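Participant: Just passing along the structure, written as structure tokens.
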Amino acid sequence: MLVVFAAALVLGGAIGGCGKGTVWSTKDEVRIGQELSKEVEHEYRVEHDTADARRVQRIGERLLAHSDERPGVPYSFSVLDTKQVNAVSLPGGPIYVYRGLLDLVGSDTDALACIIGHEMGHINGRHIAHQYTKELELQGLLTVLLGGKSASVQNLAGLAEELLTLKFSRDDEYEADARGLSYAYKAGYDPNGLIRFFQKLEVLEKQGGQEPEFLMTHPLTQARINRARKIIESGDYRFGH
């Protein structure tokens, strides 16, 4: 079970101190992210020194300079060579953009910036850490795990795969959108790029009759589109600097 593996990974090295509202400290998140990124990069080929790899890195660094960056988090921005239309973030900094998403976005750098900003928003909002804390509490495992039980993780590859397909809550998606739009706007990108990306996803879904991977992990609803439009229309860019 995913939460057990994640908790065991932390407890196997001793919890470094709970973050606000979570059982993971920032150090825990970074360590988990580093271990899982090894598994991700073993499973998928990472593009190195390609035009798109440099593009994603450049956009990520520009956004980072205008985000509410978390101290002690080593953010990274990479391209995975897979045709899936998706982008994901792991705890503690790693962000991956899939080749299929880059092909869909094309030359729309503003849309790509909003997407990367969205993933950065999940990291800065600590959404995965909060989600696992909630799952542990719901399953009644928190007391047992914090009472000294520890175990080694036997299936990091499985854990990494589950994190790549993790479905965020509606509120997490709203917040990540708001953060991503703020970062993009303050970094000098057009936040309407996110709306254009949403429209492309809707067209792709209708054409293929199948939900793109990004929509499986980042549910798209009319309410979400409306909220993004409202942020842009009102200029409510409250995150970052």
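Labels used: A, B, ... for chains in the order of the structure tokens, numbers from 1 for residues in each chain, and numbers from 1 for ligands as shown.
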Using only C-alpha atoms, determine which residues lie at most 8 Å from His122 in chain A, disregarding the query and same-chain residues fewer than 3 positions distant; provide the list as a list of chain:residue names.
Facilitator: A:Ser89, A:His118, A:Glu119, A:Gly125, A:Arg126, A:His127, A:Ile128, A:Asp172, A:Glu175, A:Ala176
Participant: Find the residues near Tyr174 in chain A: any atom within 10 Å, counting only C-alpha atoms, skip ones fewer than 2 places away on the same chain, and give them as a VMD selection string.
Facilitator: chain A and resid 118 121 168 to 172 176 to 180 223 to 225 227 to 228
Participant: Residues of the last selection are to be written out with N, CA and C atoms, as a PDB file, in the first residue's frame.
Facilitator:
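And here is the file that came out, selection_28.pdb:
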ATOM      1  N   HIS A 118       2.133  25.244 -12.165  1.00  0.00           N
ATOM      2  CA  HIS A 118       1.116  24.434 -11.477  1.00  0.00           C
ATOM      3  C   HIS A 118       1.782  23.316 -10.676  1.00  0.00           C
ATOM      4  N   GLY A 121       3.401  24.580  -7.784  1.00  0.00           N
ATOM      5  CA  GLY A 121       2.382  24.898  -6.787  1.00  0.00           C
ATOM      6  C   GLY A 121       2.044  23.711  -5.897  1.00  0.00           C
ATOM      7  N   PHE A 168      -4.934  14.300  -7.544  1.00  0.00           N
ATOM      8  CA  PHE A 168      -5.057  15.345  -6.528  1.00  0.00           C
ATOM      9  C   PHE A 168      -6.514  15.703  -6.276  1.00  0.00           C
ATOM     10  N   SER A 169      -6.781  16.245  -5.091  1.00  0.00           N
ATOM     11  CA  SER A 169      -8.142  16.653  -4.741  1.00  0.00           C
ATOM     12  C   SER A 169      -8.512  17.916  -5.494  1.00  0.00           C
ATOM     13  N   ARG A 170      -9.778  18.223  -5.507  1.00  0.00           N
ATOM     14  CA  ARG A 170     -10.273  19.437  -6.171  1.00  0.00           C
ATOM     15  C   ARG A 170      -9.623  20.685  -5.575  1.00  0.00           C
ATOM     16  N   ASP A 171      -9.554  20.745  -4.243  1.00  0.00           N
ATOM     17  CA  ASP A 171      -8.976  21.923  -3.600  1.00  0.00           C
ATOM     18  C   ASP A 171      -7.485  22.059  -3.902  1.00  0.00           C
ATOM     19  N   ASP A 172      -6.773  20.921  -3.969  1.00  0.00           N
ATOM     20  CA  ASP A 172      -5.353  20.967  -4.312  1.00  0.00           C
ATOM     21  C   ASP A 172      -5.158  21.496  -5.731  1.00  0.00           C
ATOM     22  N   ALA A 176      -3.117  24.786  -6.732  1.00  0.00           N
ATOM     23  CA  ALA A 176      -1.973  24.687  -7.649  1.00  0.00           C
ATOM     24  C   ALA A 176      -2.178  25.577  -8.866  1.00  0.00           C
ATOM     25  N   ASP A 177      -3.412  25.658  -9.352  1.00  0.00           N
ATOM     26  CA  ASP A 177      -3.709  26.573 -10.463  1.00  0.00           C
ATOM     27  C   ASP A 177      -3.431  28.015 -10.049  1.00  0.00           C
ATOM     28  N   ALA A 178      -3.917  28.394  -8.866  1.00  0.00           N
ATOM     29  CA  ALA A 178      -3.738  29.767  -8.390  1.00  0.00           C
ATOM     30  C   ALA A 178      -2.254  30.099  -8.223  1.00  0.00           C
ATOM     31  N   ARG A 179      -1.507  29.168  -7.659  1.00  0.00           N
ATOM     32  CA  ARG A 179      -0.071  29.389  -7.497  1.00  0.00           C
ATOM     33  C   ARG A 179       0.620  29.479  -8.858  1.00  0.00           C
ATOM     34  N   GLY A 180       0.298  28.540  -9.739  1.00  0.00           N
ATOM     35  CA  GLY A 180       0.932  28.527 -11.047  1.00  0.00           C
ATOM     36  C   GLY A 180       0.643  29.770 -11.859  1.00  0.00           C
ATOM     37  N   ALA A 223     -15.815  24.197 -13.295  1.00  0.00           N
ATOM     38  CA  ALA A 223     -15.575  25.070 -12.141  1.00  0.00           C
ATOM     39  C   ALA A 223     -14.101  25.441 -12.058  1.00  0.00           C
ATOM     40  N   ARG A 224     -13.236  24.500 -12.375  1.00  0.00           N
ATOM     41  CA  ARG A 224     -11.797  24.779 -12.328  1.00  0.00           C
ATOM     42  C   ARG A 224     -11.416  25.790 -13.407  1.00  0.00           C
ATOM     43  N   ILE A 225     -11.949  25.625 -14.605  1.00  0.00           N
ATOM     44  CA  ILE A 225     -11.688  26.577 -15.692  1.00  0.00           C
ATOM     45  C   ILE A 225     -12.207  27.955 -15.312  1.00  0.00           C
ATOM     46  N   ARG A 227     -12.672  29.195 -12.329  1.00  0.00           N
ATOM     47  CA  ARG A 227     -11.846  29.787 -11.271  1.00  0.00           C
ATOM     48  C   ARG A 227     -10.569  30.390 -11.856  1.00  0.00           C
ATOM     49  N   ALA A 228      -9.955  29.666 -12.791  1.00  0.00           N
ATOM     50  CA  ALA A 228      -8.736  30.180 -13.417  1.00  0.00           C
ATOM     51  C   ALA A 228      -9.029  31.481 -14.163  1.00  0.00           C
TER      52      ALA A 228
END
Participant: I need the residue nearest Phe239 in chain A from this list: A:Ile116, A:Glu69, A:Ile123, A:Thr109. Use only C-alpha atoms for the distance.
Facilitator: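 Among the listed residues, the smallest separation from Phe239 in chain A belongs to A:Glu69.
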Participant: So how far away is CA of Ser37 in chain A from CA of Thr50 in chain A, in Å?
Facilitator: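 According to the coordinates, CA of Thr50 in chain A and CA of Ser37 in chain A are separated by 19.7 Å.
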Participant: Which distance in Å separates CA of Glu29 in chain A and CA of Glu47 in chain A, to one decimal?
Facilitator: 24.4 Å
Participant: Using only C-alpha atoms, which residues sit within 8 Å of Lys83 in chain A once same-chain residues fewer than 4 positions away are excluded, as a PDB file with N, CA and C atoms, in the first residue's frame?
Facilitator:
ATOM      1  N   TYR A  98       6.336  15.558 -19.554  1.00  0.00           N
ATOM      2  CA  TYR A  98       6.386  14.449 -20.486  1.00  0.00           C
ATOM      3  C   TYR A  98       6.467  14.954 -21.925  1.00  0.00           C
ATOM      4  N   ARG A  99       7.159  14.181 -22.769  1.00  0.00           N
ATOM      5  CA  ARG A  99       7.302  14.531 -24.180  1.00  0.00           C
ATOM      6  C   ARG A  99       5.954  14.757 -24.859  1.00  0.00           C
ATOM      7  N   GLY A 100       4.965  13.920 -24.538  1.00  0.00           N
ATOM      8  CA  GLY A 100       3.643  14.061 -25.161  1.00  0.00           C
ATOM      9  C   GLY A 100       3.003  15.401 -24.847  1.00  0.00           C
ATOM     10  N   LEU A 101       3.208  15.911 -23.643  1.00  0.00           N
ATOM     11  CA  LEU A 101       2.652  17.221 -23.281  1.00  0.00           C
ATOM     12  C   LEU A 101       3.373  18.329 -24.044  1.00  0.00           C
TER      13      LEU A 101
END
